[in-house]
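**Student:** The following block contains the structure, expressed as structure tokens.
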Amino acid sequence: MSKIATPGALQLVLFELEDRSQSHLIALYDLAPRYVFASRDGGRSAETAPAKGNFVASIKREFTYHGSTFHLTIQPARLTKMVNRDDGAAQADGQTEIEYEVFPAEREQVVEHVVRRLAMDRSRLSLGGENRDKVQMRFTLYEIQRELKAVGHTLSIRDIRESLTILARSRIIIGKPAEGVKKGRGANLLESTAFPVLAIRSRPDLIGDEGGDEETHLQFNPLVSSAIRNLEFKPVSYQWLMRLKSPVSRWLYNRLSAEYDYSGAEAPGDLGAKAMTLSADEIIKNSGMNVWSRRRDTLRAVTSAVDALVEEGILTSAEKLYDKVGARIEGITYVMLPSAKFLAQVRKAQAVESANVAAMRAITGDDRRPTDFVPVTPAATVETRARRAKRLTEEPPRLPMAEAG
């Protein structure tokens, strides 16, 4: 087992959730199409070997979040591996080391979800950095492997190590275009990797699952750290995320969770079953999914991802409105009606957010979102956990806290 850290900050305590069916959504970061998914008909692969003297070009995307347009650049991670020699040169092991570049793909998406869930365990997080504003975590590769197995995914220790390395080396740049400037220019909100600091003590040359019990240390992306500091996270169903087989379905569930609001509600917490509408092209663009060479195959893949939410009980129904040219389907609009289970999850999230606001107010006496990590003593940590647990069993949710002025 890895060492247990002392939280030291109130926000780290509030990020904890004992309910292991839950994870936390960090909306802008989690909705950005940061992964590269390979299509079945030979579309872009996550792994690419650059030609000698060249490099693999970055992937540039555009996505929308809460009505605003963002630019995203994904730079590949550069790794090394041993391969069999093809030139017949005499060498004892007959192998040589090559460099290759790889983008974070579905495997890395799942591993990052699992890391996030482990981060919510009690006393798992701590603060680091010169200004004590970097959120960090210690764990072992075996812990990741056990959690993956518990949610129906199987990876070797070597694969887990490689996924963490890819996430630590693949750089993402998120920017928002400024008004009146050329396309592609504007202020960058983020330029970092998923894990800017990663230290795995086990040697990379170990065979199979050797070294899985060695301690691993990582630091979270600045957007994740600032979201934790500002209490800008909300519970979502970890079970649903892990049961959904398609990465597009997982993105769609996150999108619904992030954007479902109080529309149709008479009071906070009294959610109406208002349908949400998304077109196939919106899903393709914003999820980062690859397109097939034939339009109908791409639309079929999008429909399958939407239908998976109906099958899982997240949606009651998903009506399809077809845009046709003759007999050919050019586009589809999906009208998605949330289920009672989904609404219950949203209410649960609101209750946790409300309890976190109350816990912050009890320590700071302020209803505004914090702009710094709030120090907390071990005694206050225990009291906060107890008060929040009691509140979650007794009180209905309230509106989130106000922005700091």
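Chains: A, B, ... in order of the structure tokens. Residues: from 1 per chain. Ligands: from 1, in order shown.
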Taking the backbone alone, and naming residues the way the document does, which bits of region 205-369 of chain A are strand (DSSP E) by DSSP, as an MDAnalysis selection string?
**Tutor:** chainID A and resid 215:219 234:237 276:279 315:325 328:338
**Student:** Taking 2 positions as the minimum chain separation for residues in the same chain, which residues sit within 8 Å of region 141-144 of chain A when counting only C-alpha atoms? Answer as a list of chain:residue names.
**Tutor:** A:Met1, A:Val111, A:Val114, A:Val115, A:Phe139, A:Arg146, A:Glu147, A:Leu148, A:Ile157, A:Ile160, A:Arg161, A:Gly212, A:Asp213, A:Glu214, A:Glu215, A:Thr216
**Student:** Limited to all heavy atoms, could you put the picked residues into a file as a short mmCIF file (atom, residue, chain, number, x, y, z; two decimals), in the first residue's frame?
**Tutor:**
```cif
data_model
loop_
_atom_site.label_atom_id
_atom_site.label_comp_id
_atom_site.auth_asym_id
_atom_site.auth_seq_id
_atom_site.Cartn_x
_atom_site.Cartn_y
_atom_site.Cartn_z
N MET A 1 0.84 -1.20 0.00
CA MET A 1 0.00 0.00 0.00
C MET A 1 0.88 1.25 0.00
O MET A 1 1.97 1.27 0.54
CB MET A 1 -0.89 0.03 1.23
CG MET A 1 -2.04 -0.96 1.18
SD MET A 1 -3.25 -0.52 -0.08
CE MET A 1 -3.92 0.98 0.63
N VAL A 111 -7.62 4.73 -17.68
CA VAL A 111 -6.64 4.82 -16.59
C VAL A 111 -6.78 6.16 -15.85
O VAL A 111 -6.74 6.21 -14.62
CB VAL A 111 -5.21 4.64 -17.13
CG1 VAL A 111 -4.17 5.01 -16.05
CG2 VAL A 111 -4.99 3.20 -17.58
N VAL A 114 -9.66 6.03 -13.49
CA VAL A 114 -9.35 5.25 -12.30
C VAL A 114 -8.46 6.05 -11.33
O VAL A 114 -8.68 6.02 -10.12
CB VAL A 114 -8.67 3.92 -12.70
CG1 VAL A 114 -8.05 3.24 -11.49
CG2 VAL A 114 -9.69 2.99 -13.35
N VAL A 115 -7.49 6.77 -11.87
CA VAL A 115 -6.66 7.62 -11.03
C VAL A 115 -7.53 8.65 -10.30
O VAL A 115 -7.36 8.89 -9.10
CB VAL A 115 -5.57 8.32 -11.86
CG1 VAL A 115 -4.87 9.41 -11.04
CG2 VAL A 115 -4.55 7.31 -12.38
N PHE A 139 0.41 6.53 -4.91
CA PHE A 139 -0.31 5.27 -5.05
C PHE A 139 0.67 4.23 -5.59
O PHE A 139 1.85 4.54 -5.83
CB PHE A 139 -1.49 5.42 -6.01
CG PHE A 139 -1.10 5.90 -7.38
CD1 PHE A 139 -0.89 5.01 -8.42
CD2 PHE A 139 -0.95 7.26 -7.64
CE1 PHE A 139 -0.52 5.45 -9.68
CE2 PHE A 139 -0.58 7.71 -8.90
CZ PHE A 139 -0.36 6.81 -9.92
N ARG A 146 -5.81 -3.23 -9.50
CA ARG A 146 -6.93 -3.80 -8.75
C ARG A 146 -8.22 -3.03 -9.03
O ARG A 146 -9.29 -3.63 -9.18
CB ARG A 146 -6.63 -3.80 -7.25
CG ARG A 146 -5.66 -4.87 -6.80
CD ARG A 146 -5.74 -5.09 -5.30
NE ARG A 146 -5.43 -3.87 -4.57
CZ ARG A 146 -4.21 -3.54 -4.15
NH1 ARG A 146 -3.19 -4.34 -4.43
NH2 ARG A 146 -4.00 -2.43 -3.47
N GLU A 147 -8.13 -1.71 -9.07
CA GLU A 147 -9.31 -0.91 -9.33
C GLU A 147 -9.83 -1.14 -10.75
O GLU A 147 -11.05 -1.22 -10.97
CB GLU A 147 -9.00 0.58 -9.12
CG GLU A 147 -10.17 1.52 -9.34
CD GLU A 147 -11.34 1.27 -8.41
OE1 GLU A 147 -11.13 0.73 -7.31
OE2 GLU A 147 -12.48 1.62 -8.78
N LEU A 148 -8.93 -1.25 -11.71
CA LEU A 148 -9.34 -1.56 -13.08
C LEU A 148 -10.09 -2.89 -13.13
O LEU A 148 -11.14 -3.01 -13.77
CB LEU A 148 -8.12 -1.62 -14.01
CG LEU A 148 -7.53 -0.28 -14.44
CD1 LEU A 148 -6.14 -0.49 -15.04
CD2 LEU A 148 -8.43 0.40 -15.46
N ILE A 157 0.70 -4.54 -15.49
CA ILE A 157 1.45 -3.47 -14.85
C ILE A 157 2.25 -2.69 -15.89
O ILE A 157 2.34 -1.45 -15.83
CB ILE A 157 2.39 -4.03 -13.77
CG1 ILE A 157 1.57 -4.62 -12.60
CG2 ILE A 157 3.36 -2.96 -13.26
CD1 ILE A 157 0.73 -3.61 -11.86
N ILE A 160 -0.12 -0.32 -17.64
CA ILE A 160 -0.49 0.79 -16.76
C ILE A 160 0.64 1.80 -16.68
O ILE A 160 0.43 3.02 -16.77
CB ILE A 160 -0.86 0.27 -15.36
CG1 ILE A 160 -2.13 -0.59 -15.43
CG2 ILE A 160 -1.03 1.43 -14.37
CD1 ILE A 160 -2.42 -1.36 -14.17
N ARG A 161 1.88 1.29 -16.54
CA ARG A 161 3.04 2.18 -16.49
C ARG A 161 3.15 2.99 -17.78
O ARG A 161 3.41 4.19 -17.76
CB ARG A 161 4.30 1.35 -16.27
CG ARG A 161 5.57 2.19 -16.10
CD ARG A 161 6.82 1.33 -16.06
NE ARG A 161 6.83 0.45 -14.91
CZ ARG A 161 6.76 -0.88 -14.98
NH1 ARG A 161 6.64 -1.47 -16.16
NH2 ARG A 161 6.80 -1.60 -13.90
N GLY A 212 5.10 -3.65 -9.45
CA GLY A 212 3.80 -3.01 -9.27
C GLY A 212 3.56 -2.47 -7.89
O GLY A 212 2.68 -1.63 -7.70
N ASP A 213 4.34 -2.94 -6.90
CA ASP A 213 4.12 -2.48 -5.53
C ASP A 213 4.98 -1.28 -5.18
O ASP A 213 4.91 -0.77 -4.06
CB ASP A 213 4.38 -3.61 -4.54
CG ASP A 213 5.80 -4.17 -4.65
OD1 ASP A 213 6.49 -3.85 -5.63
OD2 ASP A 213 6.19 -4.93 -3.75
N GLU A 214 5.77 -0.80 -6.12
CA GLU A 214 6.59 0.37 -5.85
C GLU A 214 5.73 1.64 -5.87
O GLU A 214 4.80 1.77 -6.65
CB GLU A 214 7.72 0.49 -6.89
CG GLU A 214 8.75 -0.62 -6.83
CD GLU A 214 9.61 -0.55 -5.58
OE1 GLU A 214 9.58 0.50 -4.91
OE2 GLU A 214 10.29 -1.53 -5.28
N GLU A 215 6.10 2.59 -5.02
CA GLU A 215 5.30 3.80 -4.88
C GLU A 215 5.41 4.68 -6.11
O GLU A 215 6.49 4.84 -6.69
CB GLU A 215 5.76 4.57 -3.65
CG GLU A 215 4.89 5.78 -3.32
CD GLU A 215 5.29 6.42 -2.01
OE1 GLU A 215 6.31 7.13 -2.00
OE2 GLU A 215 4.59 6.20 -1.02
N THR A 216 4.28 5.25 -6.52
CA THR A 216 4.21 6.16 -7.65
C THR A 216 3.68 7.50 -7.17
O THR A 216 2.76 7.57 -6.36
CB THR A 216 3.29 5.59 -8.75
OG1 THR A 216 3.81 4.34 -9.19
CG2 THR A 216 3.22 6.54 -9.94
#
```
**Student:** Please identify which residues in region 114-219 of chain A DSSP calls helix (DSSP H, G or I) from the backbone, and express them as a PyMOL selection string.
**Tutor:** chain A and resi 114-119+141-150+157-169
**Student:** For Val236 (chain A), which residue out of A:His66, A:Arg391, A:Arg250, A:Lys285 is the nearest one, using only C-alpha atoms?
**Tutor:** A:Arg250
**Student:** Have a look at CA of Arg295 (chain A) and CA of Thr333 (chain A) and let me know their distance in Å, one decimal.
**Tutor:** 14.8 Å
**Student:** Excluding Lys348 (chain A) and any residue of its chain fewer than 5 positions from it, enumerate the residues within 9 Å of it, using only C-alpha atoms, and give them as number ranges by chain.
**Tutor:** A: 235-236, 343, 353, 392, 397
**Student:** Quick one: residues within 9 Å of Leu28 (chain A), only C-alpha atoms, excluding same-chain residues fewer than 5 positions away - as a list in words?
**Tutor:**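 Near neighbours after the sequence-gap exclusion: Tyr65, Leu223 and Ala258 of chain A.
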**Student:** Restricting the output to N, CA, C and O atoms, write the selected residues as a compact mmCIF listing (two decimals), in the first residue's frame.
**Tutor:**
```txt
# COMPACT_ATOMS: atom_id res chain seq x y z
N TYR A 65 -17.99 24.72 -25.34
CA TYR A 65 -18.33 24.44 -23.95
C TYR A 65 -19.13 25.63 -23.42
O TYR A 65 -18.64 26.77 -23.44
N LEU A 223 -5.52 22.64 -14.43
CA LEU A 223 -6.96 22.85 -14.46
C LEU A 223 -7.65 22.01 -13.39
O LEU A 223 -8.64 22.44 -12.79
N ALA A 258 -22.65 17.66 -17.17
CA ALA A 258 -22.13 19.02 -17.02
C ALA A 258 -23.16 20.07 -17.39
O ALA A 258 -23.22 21.14 -16.77
```
**Student:** Could you pull the residues within 8 Å of Glu99 (chain A), counting only C-alpha atoms, minus those fewer than 4 positions along the same chain, as a tab-separated table (two decimals) with all heavy atoms, in the first residue's frame?
**Tutor:**
```
chain	number	residue	atom	x	y	z
A	49	ALA	N	4.95	6.05	-35.76
A	49	ALA	CA	6.41	6.06	-35.81
A	49	ALA	C	6.85	7.16	-36.78
A	49	ALA	O	6.55	7.09	-37.97
A	49	ALA	CB	6.96	4.71	-36.25
A	78	ARG	N	6.50	11.10	-26.61
A	78	ARG	CA	7.58	10.34	-27.26
A	78	ARG	C	8.10	9.28	-26.30
A	78	ARG	O	8.52	9.58	-25.18
A	78	ARG	CB	8.71	11.27	-27.70
A	78	ARG	CG	9.91	10.52	-28.29
A	78	ARG	CD	10.78	11.41	-29.13
A	78	ARG	NE	10.13	11.76	-30.40
A	78	ARG	CZ	10.78	12.29	-31.43
A	78	ARG	NH1	12.08	12.54	-31.35
A	78	ARG	NH2	10.14	12.59	-32.53
A	79	LEU	N	8.06	8.04	-26.75
A	79	LEU	CA	8.49	6.89	-25.95
A	79	LEU	C	9.55	6.11	-26.71
A	79	LEU	O	9.79	6.36	-27.89
A	79	LEU	CB	7.29	5.97	-25.64
A	79	LEU	CG	6.34	6.38	-24.50
A	79	LEU	CD1	5.57	7.64	-24.84
A	79	LEU	CD2	5.36	5.25	-24.20
A	80	THR	N	10.16	5.16	-26.04
A	80	THR	CA	11.12	4.26	-26.68
A	80	THR	C	10.71	2.82	-26.45
A	80	THR	O	10.03	2.51	-25.46
A	80	THR	CB	12.54	4.47	-26.13
A	80	THR	OG1	12.55	4.18	-24.71
A	80	THR	CG2	13.02	5.89	-26.36
A	81	LYS	N	11.11	1.95	-27.36
A	81	LYS	CA	10.87	0.52	-27.18
A	81	LYS	C	11.91	-0.27	-27.94
A	81	LYS	O	12.54	0.24	-28.88
A	81	LYS	CB	9.46	0.14	-27.65
A	81	LYS	CG	9.20	0.34	-29.13
A	81	LYS	CD	7.76	-0.04	-29.47
A	81	LYS	CE	7.44	0.24	-30.94
A	81	LYS	NZ	6.03	-0.10	-31.27
```
**Student:** At a cut-off of 7 Å, using only C-alpha atoms, what residues contact Arg61 (chain A)? Leave out same-chain residues fewer than 3 positions from it and give the result as a ChimeraX atom specification.
**Tutor:** /A:71-73
**Student:** Out of A:Arg387, A:Lys274, A:Lys341, A:Arg122, which residue has the shortest atom-to-atom distance to Ser237 (chain A) when counting only C-alpha atoms?
**Tutor:** A:Lys341
**Student:** What lies within 7 Å of Ala355 (chain A) using only C-alpha atoms, ignoring chain neighbours under 3 positions off, as JSON, numbers by chain?
**Tutor:** {"A": [351, 352, 358, 359, 388, 391, 392]}
**Student:** For the atom pair CA of Leu278 (chain A) and CA of Tyr334 (chain A), what is the interatomic distance in Å to one decimal place?
**Tutor:**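 Between these atoms lies a distance of 5.4 Å.
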**Student:** What is the distance between CA of Arg229 (chain A) and CA of Leu256 (chain A), in Å to one decimal?
**Tutor:**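 These two atoms are separated by 23.7 Å.
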**Student:** Of the candidates A:Ala168, A:Ile59, A:Ile314, A:Leu125, which shows the shortest atom-to-atom distance to Ala344 (chain A), using only C-alpha atoms?
**Tutor:**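 Closest candidate: A:Ile314.
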**Student:** Looking at A:Thr393, A:Ser163, A:Gln109, A:Thr316, which one is nearest to Trp251 (chain A), with distances taken over only C-alpha atoms?
**Tutor:**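 Nearest candidate to Trp251 (chain A) out of A:Thr393, A:Ser163, A:Gln109, A:Thr316: A:Gln109.
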